[in-house]
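Peer 1: coords30.json is the file, holding JSON, C-alpha atoms:
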```json
[["chain", "number", "residue", "atom", "x", "y", "z"],
["K", 1, "MET", "CA", 88.53, 65.17, 77.74],
["K", 2, "ARG", "CA", 86.53, 68.36, 77.99],
["K", 3, "ARG", "CA", 84.82, 67.16, 81.18],
["K", 4, "PHE", "CA", 88.19, 66.16, 82.65],
["K", 5, "LEU", "CA", 89.62, 69.61, 81.89],
["K", 6, "ALA", "CA", 86.52, 71.32, 83.30],
["K", 7, "THR", "CA", 86.79, 69.28, 86.50],
["K", 8, "LYS", "CA", 90.50, 70.06, 86.79],
["K", 9, "VAL", "CA", 90.00, 73.79, 86.17],
["K", 10, "GLY", "CA", 87.06, 73.79, 88.57],
["K", 11, "LYS", "CA", 89.17, 72.25, 91.30],
["K", 12, "ILE", "CA", 91.98, 74.75, 90.77],
["K", 13, "LEU", "CA", 89.51, 77.65, 90.73],
["K", 14, "SER", "CA", 87.75, 76.47, 93.88],
["K", 15, "ARG", "CA", 91.11, 76.14, 95.65],
["K", 16, "LEU", "CA", 92.11, 79.61, 94.51],
["K", 17, "VAL", "CA", 88.82, 81.08, 95.70],
["K", 18, "LEU", "CA", 89.07, 79.29, 99.03],
["K", 19, "GLY", "CA", 92.68, 80.41, 99.41],
["K", 20, "GLY", "CA", 91.71, 83.98, 98.59],
["K", 21, "VAL", "CA", 88.86, 83.93, 101.09],
["K", 22, "GLY", "CA", 91.16, 82.49, 103.76],
["K", 23, "LEU", "CA", 93.80, 85.11, 103.01],
["K", 24, "GLY", "CA", 91.21, 87.87, 103.16],
["K", 25, "VAL", "CA", 89.79, 86.64, 106.47],
["K", 26, "GLY", "CA", 93.32, 86.36, 107.88],
["K", 27, "LEU", "CA", 94.21, 89.88, 106.77],
["K", 28, "VAL", "CA", 91.02, 91.32, 108.27],
["K", 29, "LEU", "CA", 91.65, 89.51, 111.57],
["K", 30, "VAL", "CA", 95.28, 90.66, 111.73],
["K", 31, "SER", "CA", 94.30, 94.25, 110.93],
["K", 32, "LEU", "CA", 91.58, 94.15, 113.61],
["K", 33, "LEU", "CA", 94.10, 92.82, 116.14],
["K", 34, "ARG", "CA", 96.62, 95.46, 115.10],
["K", 35, "GLU", "CA", 94.02, 98.18, 115.57],
["K", 36, "ALA", "CA", 93.03, 96.77, 118.97],
["K", 37, "THR", "CA", 96.60, 96.64, 120.29],
["K", 38, "LEU", "CA", 98.06, 99.80, 118.77],
["K", 39, "SER", "CA", 98.73, 102.74, 121.09],
["K", 40, "THR", "CA", 96.93, 105.97, 120.16],
["K", 41, "HIS", "CA", 97.48, 108.47, 122.93],
["K", 42, "GLN", "CA", 95.61, 111.74, 123.50],
["K", 43, "ALA", "CA", 96.57, 114.80, 125.52],
["K", 44, "ILE", "CA", 95.54, 114.56, 129.18],
["K", 45, "ASP", "CA", 95.05, 117.38, 131.70],
["K", 46, "PRO", "CA", 98.05, 117.06, 134.07],
["K", 47, "ASP", "CA", 95.87, 118.02, 137.07],
["K", 48, "SER", "CA", 93.25, 115.35, 136.39],
["K", 49, "THR", "CA", 92.93, 112.14, 138.41],
["K", 50, "ILE", "CA", 91.45, 108.70, 137.84],
["K", 51, "GLU", "CA", 90.16, 106.23, 140.41],
["K", 52, "VAL", "CA", 90.48, 102.47, 140.13],
["K", 53, "ILE", "CA", 88.34, 100.04, 142.13],
["K", 54, "VAL", "CA", 89.44, 96.41, 142.11],
["K", 55, "ARG", "CA", 88.41, 93.13, 143.64],
["K", 56, "ALA", "CA", 91.22, 90.72, 144.50],
["K", 57, "ARG", "CA", 91.54, 87.15, 145.70],
["K", 58, "SER", "CA", 94.57, 85.05, 146.47],
["K", 59, "HIS", "CA", 95.19, 81.33, 146.22],
["K", 60, "ASN", "CA", 98.26, 79.49, 147.50],
["K", 61, "ALA", "CA", 99.97, 82.80, 148.23],
["K", 62, "GLU", "CA", 103.12, 83.02, 150.35],
["K", 63, "ASP", "CA", 102.37, 82.93, 154.09],
["K", 64, "ASN", "CA", 103.99, 86.24, 154.96],
["K", 65, "GLN", "CA", 102.37, 88.22, 152.12],
["K", 66, "THR", "CA", 98.95, 89.81, 152.67],
["K", 67, "LEU", "CA", 96.39, 90.50, 149.98],
["K", 68, "ASP", "CA", 96.83, 94.27, 150.50],
["K", 69, "GLU", "CA", 100.55, 94.02, 149.82],
["K", 70, "MET", "CA", 100.09, 91.98, 146.69],
["K", 71, "VAL", "CA", 97.38, 94.27, 145.29],
["K", 72, "GLU", "CA", 99.49, 97.36, 145.98],
["K", 73, "ALA", "CA", 102.54, 95.73, 144.39],
["K", 74, "GLN", "CA", 100.58, 94.82, 141.26],
["K", 75, "LEU", "CA", 99.07, 98.30, 140.94],
["K", 76, "LEU", "CA", 102.51, 99.89, 141.39],
["K", 77, "THR", "CA", 103.94, 97.54, 138.78],
["K", 78, "CYS", "CA", 101.20, 98.27, 136.28],
["K", 79, "ARG", "CA", 101.38, 102.04, 136.69],
["K", 80, "LEU", "CA", 104.87, 101.77, 135.17],
["K", 81, "GLU", "CA", 103.20, 100.84, 131.88],
["K", 82, "VAL", "CA", 101.19, 104.08, 131.76],
["K", 83, "THR", "CA", 101.90, 107.75, 132.40],
["K", 84, "SER", "CA", 100.03, 107.94, 135.71],
["K", 85, "ASP", "CA", 101.32, 107.56, 139.28],
["K", 86, "MET", "CA", 99.48, 106.41, 142.36],
["K", 87, "VAL", "CA", 98.65, 109.33, 144.64],
["K", 88, "GLY", "CA", 97.65, 108.59, 148.21],
["K", 89, "PRO", "CA", 97.42, 105.22, 149.91],
["K", 90, "LEU", "CA", 95.62, 102.10, 148.74],
["K", 91, "ARG", "CA", 92.30, 102.07, 150.57],
["K", 92, "THR", "CA", 90.85, 98.74, 151.72],
["K", 93, "GLU", "CA", 87.07, 98.51, 151.56],
["K", 94, "GLY", "CA", 86.67, 94.94, 152.80],
["K", 95, "ASP", "CA", 85.56, 91.78, 151.03],
["K", 96, "GLY", "CA", 88.67, 91.90, 148.85],
["K", 97, "GLN", "CA", 87.78, 95.28, 147.41],
["K", 98, "PHE", "CA", 90.35, 98.08, 147.09],
["K", 99, "ARG", "CA", 90.37, 101.66, 145.83],
["K", 100, "ALA", "CA", 93.31, 103.77, 144.62],
["K", 101, "LEU", "CA", 93.74, 107.17, 143.00],
["K", 102, "PHE", "CA", 96.11, 107.87, 140.11],
["K", 103, "ALA", "CA", 97.24, 111.17, 138.59],
["K", 104, "PRO", "CA", 97.15, 112.35, 135.89],
["K", 105, "SER", "CA", 94.18, 110.61, 134.33],
["K", 106, "MET", "CA", 94.56, 108.03, 131.53],
["K", 107, "ASP", "CA", 93.45, 108.15, 127.91],
["K", 108, "GLN", "CA", 91.55, 105.22, 126.41],
["K", 109, "THR", "CA", 94.70, 103.36, 125.34],
["K", 110, "ASN", "CA", 96.32, 103.72, 128.76],
["K", 111, "ARG", "CA", 93.10, 102.61, 130.46],
["K", 112, "ARG", "CA", 93.00, 99.42, 128.38],
["K", 113, "GLN", "CA", 96.71, 98.82, 128.95],
["K", 114, "PHE", "CA", 96.44, 99.42, 132.70],
["K", 115, "LYS", "CA", 93.32, 97.26, 133.06],
["K", 116, "GLY", "CA", 94.93, 94.47, 131.03],
["K", 117, "CYS", "CA", 98.05, 94.57, 133.18],
["K", 118, "VAL", "CA", 96.13, 94.58, 136.47],
["K", 119, "GLU", "CA", 94.00, 91.61, 135.39],
["K", 120, "ASP", "CA", 96.98, 89.74, 133.93],
["K", 121, "PHE", "CA", 99.17, 87.07, 135.54],
["K", 122, "VAL", "CA", 101.75, 89.41, 137.10],
["K", 123, "ILE", "CA", 102.22, 88.13, 140.66],
["K", 124, "ASP", "CA", 101.83, 84.45, 141.46],
["K", 125, "GLY", "CA", 98.87, 83.54, 143.63],
["K", 126, "VAL", "CA", 96.79, 86.69, 143.21],
["K", 127, "GLN", "CA", 94.00, 87.43, 140.75],
["K", 128, "ILE", "CA", 92.60, 90.95, 140.43],
["K", 129, "ASP", "CA", 89.50, 92.11, 138.59],
["K", 130, "VAL", "CA", 89.05, 95.79, 137.75],
["K", 131, "LEU", "CA", 85.54, 96.80, 138.80],
["K", 132, "SER", "CA", 85.81, 100.45, 137.82],
["K", 133, "LEU", "CA", 88.38, 102.71, 136.21],
["K", 134, "ALA", "CA", 86.96, 106.21, 135.86],
["K", 135, "GLU", "CA", 87.61, 109.81, 136.73],
["K", 136, "PRO", "CA", 86.04, 110.73, 140.09],
["K", 137, "GLU", "CA", 83.02, 113.05, 139.89],
["G", 1, "MET", "CA", 89.40, 56.52, 121.76],
["G", 2, "ARG", "CA", 91.59, 57.74, 118.93],
["G", 3, "ILE", "CA", 88.85, 60.07, 117.71],
["G", 4, "VAL", "CA", 88.48, 61.47, 121.23],
["G", 5, "ALA", "CA", 92.23, 62.17, 121.33],
["G", 6, "TRP", "CA", 92.12, 63.92, 117.94],
["G", 7, "LEU", "CA", 89.09, 65.99, 118.96],
["G", 8, "ALA", "CA", 90.76, 66.91, 122.26],
["G", 9, "GLY", "CA", 93.89, 68.05, 120.40],
["G", 10, "ILE", "CA", 91.94, 70.10, 117.87],
["G", 11, "GLY", "CA", 89.73, 71.58, 120.61],
["G", 12, "THR", "CA", 92.76, 72.54, 122.67],
["G", 13, "LEU", "CA", 94.37, 74.16, 119.63],
["G", 14, "LEU", "CA", 91.26, 76.18, 118.75],
["G", 15, "ALA", "CA", 90.48, 77.18, 122.34],
["G", 16, "GLY", "CA", 94.09, 78.23, 122.94],
["G", 17, "LEU", "CA", 94.07, 80.24, 119.73],
["G", 18, "ILE", "CA", 90.81, 82.00, 120.62],
["G", 19, "TYR", "CA", 91.96, 82.81, 124.16],
["G", 20, "MET", "CA", 95.33, 84.01, 122.85],
["G", 21, "VAL", "CA", 93.65, 86.49, 120.50],
["G", 22, "LEU", "CA", 91.24, 87.57, 123.25],
["G", 23, "SER", "CA", 94.13, 88.12, 125.68],
["G", 24, "LEU", "CA", 96.06, 90.11, 123.09],
["G", 25, "ASN", "CA", 92.96, 92.22, 122.52],
["G", 26, "ARG", "CA", 92.70, 92.84, 126.28],
["G", 27, "TRP", "CA", 96.41, 93.73, 126.56],
["G", 28, "GLU", "CA", 97.04, 90.78, 128.87],
["G", 29, "TRP", "CA", 100.46, 89.82, 127.58],
["G", 30, "ASN", "CA", 101.35, 87.10, 130.11],
["G", 31, "ARG", "CA", 98.03, 85.34, 129.51],
["G", 32, "ALA", "CA", 98.57, 85.67, 125.74],
["G", 33, "LEU", "CA", 102.03, 84.10, 126.07],
["G", 34, "PHE", "CA", 100.60, 81.29, 128.18],
["G", 35, "PHE", "CA", 97.87, 80.50, 125.65],
["G", 36, "ALA", "CA", 100.35, 80.80, 122.77],
["G", 37, "MET", "CA", 102.42, 78.13, 124.49],
["G", 38, "ILE", "CA", 99.33, 75.91, 124.78],
["G", 39, "VAL", "CA", 98.67, 76.46, 121.05],
["G", 40, "LEU", "CA", 102.25, 75.51, 120.20],
["G", 41, "ILE", "CA", 102.09, 72.35, 122.33],
["G", 42, "ALA", "CA", 98.78, 71.30, 120.74],
["G", 43, "GLU", "CA", 100.12, 72.10, 117.26],
["G", 44, "VAL", "CA", 103.25, 70.01, 117.77],
["G", 45, "ALA", "CA", 101.18, 67.15, 119.22],
["G", 46, "LEU", "CA", 98.75, 67.20, 116.27],
["G", 47, "ALA", "CA", 101.56, 67.42, 113.73],
["G", 48, "THR", "CA", 103.37, 64.50, 115.40],
["G", 49, "GLY", "CA", 100.14, 62.50, 115.40],
["G", 50, "LEU", "CA", 99.59, 63.20, 111.69],
["G", 51, "VAL", "CA", 103.16, 62.16, 110.81],
["G", 52, "LEU", "CA", 102.89, 58.98, 112.86],
["G", 53, "ARG", "CA", 99.55, 58.13, 111.27],
["G", 54, "LYS", "CA", 101.00, 58.60, 107.80],
["G", 55, "LEU", "CA", 104.03, 56.46, 108.66],
["G", 56, "SER", "CA", 101.87, 53.67, 110.04],
["G", 57, "ALA", "CA", 99.67, 53.81, 106.91],
["G", 58, "ILE", "CA", 102.74, 53.47, 104.69],
["G", 59, "GLU", "CA", 104.04, 50.62, 106.82],
["G", 60, "TYR", "CA", 100.67, 48.83, 106.65],
["G", 61, "SER", "CA", 100.42, 49.19, 102.87],
["G", 62, "GLN", "CA", 103.94, 47.75, 102.48],
["G", 63, "ARG", "CA", 103.16, 44.81, 104.72],
["G", 64, "HIS", "CA", 99.80, 44.11, 103.12],
["G", 65, "PRO", "CA", 100.07, 44.97, 99.41],
["G", 66, "PRO", "CA", 96.73, 44.90, 97.57],
["G", 67, "ASP", "CA", 95.94, 42.07, 95.19],
["G", 68, "PRO", "CA", 96.36, 43.53, 91.64],
["G", 69, "ALA", "CA", 93.68, 41.30, 90.16],
["G", 70, "LEU", "CA", 91.17, 42.25, 92.81],
["G", 71, "ARG", "CA", 92.06, 45.93, 92.36],
["G", 72, "ASP", "CA", 91.47, 45.69, 88.59],
["G", 73, "ILE", "CA", 88.09, 44.07, 89.15],
["G", 74, "LEU", "CA", 87.09, 46.79, 91.57],
["G", 75, "ARG", "CA", 88.19, 49.50, 89.14],
["G", 76, "ALA", "CA", 86.35, 47.89, 86.27],
["G", 77, "SER", "CA", 83.17, 47.60, 88.27],
["G", 78, "ARG", "CA", 83.33, 51.17, 89.50],
["G", 79, "PRO", "CA", 80.17, 53.05, 88.49],
["G", 80, "PRO", "CA", 80.65, 56.17, 86.39],
["G", 81, "SER", "CA", 80.86, 59.33, 88.41],
["G", 82, "ALA", "CA", 77.56, 61.09, 88.70],
["G", 83, "ASP", "CA", 77.17, 64.29, 86.74],
["G", 84, "ARG", "CA", 75.76, 66.42, 89.53],
["G", 85, "PHE", "CA", 75.36, 69.44, 87.26],
["G", 86, "ALA", "CA", 73.42, 67.67, 84.54],
["G", 87, "TRP", "CA", 70.39, 69.78, 85.38],
["G", 88, "LEU", "CA", 72.47, 72.81, 84.44],
["G", 89, "HIS", "CA", 73.18, 71.49, 80.93],
["G", 90, "GLU", "CA", 69.64, 70.29, 80.29],
["G", 91, "ALA", "CA", 67.72, 73.22, 81.71],
["G", 92, "SER", "CA", 69.90, 76.21, 80.97],
["G", 93, "ASN", "CA", 67.01, 78.02, 79.25],
["G", 94, "ARG", "CA", 64.52, 77.52, 82.08],
["G", 95, "THR", "CA", 63.63, 79.91, 84.83],
["G", 96, "SER", "CA", 64.96, 77.64, 87.58],
["G", 97, "VAL", "CA", 68.52, 78.19, 86.41],
["G", 98, "PHE", "CA", 67.94, 81.91, 86.26],
["G", 99, "ILE", "CA", 66.64, 81.91, 89.83],
["G", 100, "THR", "CA", 69.58, 79.83, 90.99],
["G", 101, "PHE", "CA", 72.03, 82.23, 89.41],
["G", 102, "LEU", "CA", 70.07, 85.19, 90.77],
["G", 103, "VAL", "CA", 70.13, 83.88, 94.32],
["G", 104, "GLY", "CA", 73.76, 82.73, 94.05],
["G", 105, "GLY", "CA", 74.79, 86.05, 92.54],
["G", 106, "GLY", "CA", 72.94, 87.88, 95.29],
["G", 107, "ILE", "CA", 74.77, 85.92, 97.95],
["G", 108, "ILE", "CA", 78.13, 86.56, 96.29],
["G", 109, "LEU", "CA", 77.34, 90.26, 95.83],
["G", 110, "SER", "CA", 76.23, 90.52, 99.46],
["G", 111, "GLY", "CA", 79.51, 88.94, 100.53],
["G", 112, "VAL", "CA", 81.52, 91.33, 98.39],
["G", 113, "ALA", "CA", 79.51, 94.29, 99.72],
["G", 114, "TRP", "CA", 80.09, 93.11, 103.30],
["G", 115, "VAL", "CA", 83.84, 92.83, 102.72],
["G", 116, "MET", "CA", 83.90, 96.28, 101.09],
["G", 117, "ASP", "CA", 81.94, 97.71, 104.01],
["G", 118, "ARG", "CA", 84.41, 96.21, 106.49],
["G", 119, "VAL", "CA", 87.38, 97.52, 104.51],
["G", 120, "ALA", "CA", 85.79, 100.96, 104.16],
["G", 121, "SER", "CA", 85.04, 101.12, 107.88],
["G", 122, "LYS", "CA", 88.72, 100.43, 108.60],
["G", 123, "THR", "CA", 89.74, 103.60, 106.73],
["G", 124, "THR", "CA", 88.58, 105.77, 109.65],
["G", 125, "THR", "CA", 90.68, 104.31, 112.45],
["G", 126, "PRO", "CA", 92.16, 106.48, 115.25],
["G", 127, "VAL", "CA", 95.59, 105.91, 113.73],
["G", 128, "GLY", "CA", 94.32, 107.12, 110.37],
["G", 129, "GLU", "CA", 92.74, 110.17, 111.95],
["G", 130, "GLN", "CA", 96.01, 111.08, 113.64],
["G", 131, "ARG", "CA", 97.86, 110.68, 110.34],
["G", 132, "LEU", "CA", 95.27, 112.85, 108.59],
["G", 133, "THR", "CA", 95.62, 115.48, 111.31],
["G", 134, "ARG", "CA", 99.37, 115.61, 110.72],
["G", 135, "GLN", "CA", 98.89, 115.84, 106.95],
["G", 136, "LEU", "CA", 96.26, 118.59, 107.21],
["G", 137, "GLY", "CA", 98.46, 120.58, 109.57],
["G", 138, "SER", "CA", 100.57, 121.90, 106.70],
["G", 139, "ILE", "CA", 97.56, 123.44, 104.90],
["G", 140, "SER", "CA", 95.61, 124.59, 107.96],
["G", 141, "TYR", "CA", 94.77, 128.23, 108.59],
["G", 142, "PRO", "CA", 97.45, 130.14, 110.52],
["G", 143, "ARG", "CA", 96.86, 130.62, 114.25],
["G", 144, "GLY", "CA", 95.02, 133.90, 114.80],
["G", 145, "GLY", "CA", 93.24, 133.81, 111.47],
["G", 146, "LEU", "CA", 93.90, 135.57, 108.17],
["G", 147, "VAL", "CA", 93.25, 139.14, 109.39],
["G", 148, "VAL", "CA", 96.49, 141.09, 109.27],
["G", 149, "ASP", "CA", 97.97, 142.54, 112.44],
["G", 150, "ASP", "CA", 98.69, 146.22, 113.20],
["G", 151, "VAL", "CA", 102.34, 145.93, 112.21],
["G", 152, "THR", "CA", 101.37, 144.90, 108.70],
["G", 153, "VAL", "CA", 98.77, 147.67, 108.52],
["G", 154, "LEU", "CA", 101.36, 150.23, 109.50],
["G", 155, "ALA", "CA", 103.90, 148.75, 107.08],
["G", 156, "GLN", "CA", 102.12, 150.29, 104.11],
["G", 157, "ASP", "CA", 102.76, 153.76, 105.51],
["G", 158, "VAL", "CA", 106.51, 153.22, 105.52],
["G", 159, "PRO", "CA", 108.03, 155.31, 102.74],
["G", 160, "GLY", "CA", 109.28, 153.12, 99.92],
["G", 161, "ALA", "CA", 107.26, 150.07, 100.97],
["G", 162, "ASP", "CA", 105.21, 149.46, 97.88],
["G", 163, "ASP", "CA", 104.35, 145.77, 98.11],
["G", 164, "ALA", "CA", 101.43, 144.64, 95.95],
["G", 165, "GLN", "CA", 100.87, 141.52, 98.08],
["G", 166, "ILE", "CA", 100.57, 143.56, 101.31],
["G", 167, "ARG", "CA", 98.08, 145.90, 99.64],
["G", 168, "LYS", "CA", 96.07, 142.97, 98.38],
["G", 169, "LEU", "CA", 95.91, 141.51, 101.91],
["G", 170, "LEU", "CA", 94.89, 144.86, 103.38],
["G", 171, "ARG", "CA", 92.13, 145.32, 100.84],
["G", 172, "ARG", "CA", 90.77, 141.88, 101.69],
["G", 173, "ALA", "CA", 90.86, 142.68, 105.41],
["G", 174, "GLY", "CA", 89.07, 145.98, 104.87],
["G", 175, "HIS", "CA", 91.91, 148.22, 106.06],
["G", 176, "ALA", "CA", 92.66, 149.98, 102.78]]
```
Reformat the file's structure so that it appears as structure tokens.

Peer 2:
Amino acid sequence: MRRFLATKVGKILSRLVLGGVGLGVGLVLVSLLREATLSTHQAIDPDSTIEVIVRARSHNAEDNQTLDEMVEAQLLTCRLEVTSDMVGPLRTEGDGQFRALFAPSMDQTNRRQFKGCVEDFVIDGVQIDVLSLAEPE
Amino acid sequence: MRIVAWLAGIGTLLAGLIYMVLSLNRWEWNRALFFAMIVLIAEVALATGLVLRKLSAIEYSQRHPPDPALRDILRASRPPSADRFAWLHEASNRTSVFITFLVGGGIILSGVAWVMDRVASKTTTPVGEQRLTRQLGSISYPRGGLVVDDVTVLAQDVPGADDAQIRKLLRRAGHA
């Protein structure tokens, strides 16, 4: 009887411990994800600028749409998610590489948000990788 | 074949979940939605498979009920369950048990310390710092410092202005 009770209590305890560990791991993961996706903005000099260099490729794109147009459209769409605007034209550097200037500069949260948007599935048939996103020297 | 299907379903679920979290972390919302959809599809497929397996097991057991006599023989011939912790009862006063508990306790304590370290490190997040900045703003020094301005210095010369607090401030600032 005593052994039966000990086994029963042991099973319940082990389930409780496992449940607690699972709950703790879940809470830590959710809090990490919350921290990673929460906006924390800092003050930015309004006269500052930031330069983005991207590499783009298209696959099964519409016939009348060029890669330049699609990259510019995606950059203009993504700048709506941050506080910066594109200043000057989109410069083509060949081999699918483009360069654009934005003002004012972006804080760390805006940089992550902008980079995530540019590399996301926004326009069908085009995939863009951000090579650099930094303030020009 | 069935095992391959189960493994493919579980692999799809786990991979979709991992990529969904990664996409959320990278602020790639459309990708995160896409992978979340994959996770949902895999989850529904696995749940459906589990329900169907359970139903078929019930159906099989109803069609082929076990022979009660054979079941009783099997139960009677079942060996007693092994007491895997017998060594703990017999050798509780030996050093080996002490070492086992020491090592086990060390592992548990290390785990607790790791969890505490992770929790403590989360108390200094950028969000927390911003909140602390707002809270400290109410008790921060006034802009321009504590030295009194000329107007306050001249205020003590006004006839009838005999304020003990102003005089105390002026003494501290070295003006009186």

Peer 1: Using all atoms listed in the file, find the one residue out of K:Gly20, K:Gly10, K:Pro136, K:Pro46 that sits nearest to Arg99 (chain K).

Peer 2: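 The answer is K:Pro136, which sits nearest to Arg99 (chain K).
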
Peer 1: Please identify all residues of chain K having at least one atom at most 6 Å from any atom of chain G, considering all atoms listed in the file, and return them as a ChimeraX atom specification.

Peer 2: /K:36,113,116-117,120-121

Peer 1: In Å, how far is it from CA of Gln97 (chain K) to CA of Ser132 (chain K)?

Peer 2: 11.1 Å

Peer 1: Just how far from CA of Ser31 (chain K) is CA of Ala113 (chain G), in Å to one decimal?

Peer 2: 18.6 Å

Peer 1: Pick from G:Gly111, G:Gly9, G:Ser61, G:Ala82: nearest to Thr48 (chain G), with all atoms listed in the file counted?

Peer 2: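 So, comparing all the options, the nearest one is G:Gly9.
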
Peer 1: Would you list the contacts of Cys78 (chain K) as a list in words, taking every protein, DNA or RNA residue within 12 Å and counting all atoms listed in the file, but skipping same-chain residues closer than 5 positions in sequence?

Peer 2: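 So the residues in contact are Val71, Glu72, Ala73, Thr83, Ser84, Asp85, Met86, Phe102, Asn110, Arg111, Arg112, Gln113, Phe114, Lys115, Gly116, Cys117, Val118, Glu119, Asp120, Phe121, Val122 and Ile123 of chain K; Trp27 and Glu28 of chain G.
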
Peer 1: Using only C-alpha atoms, find the one residue out of K:Val54, K:Val126, K:Leu29, K:Val82 that sits nearest to Ile18 (chain G).

Peer 2: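 Checking each candidate against Ile18 (chain G), we get K:Leu29 as the closest.
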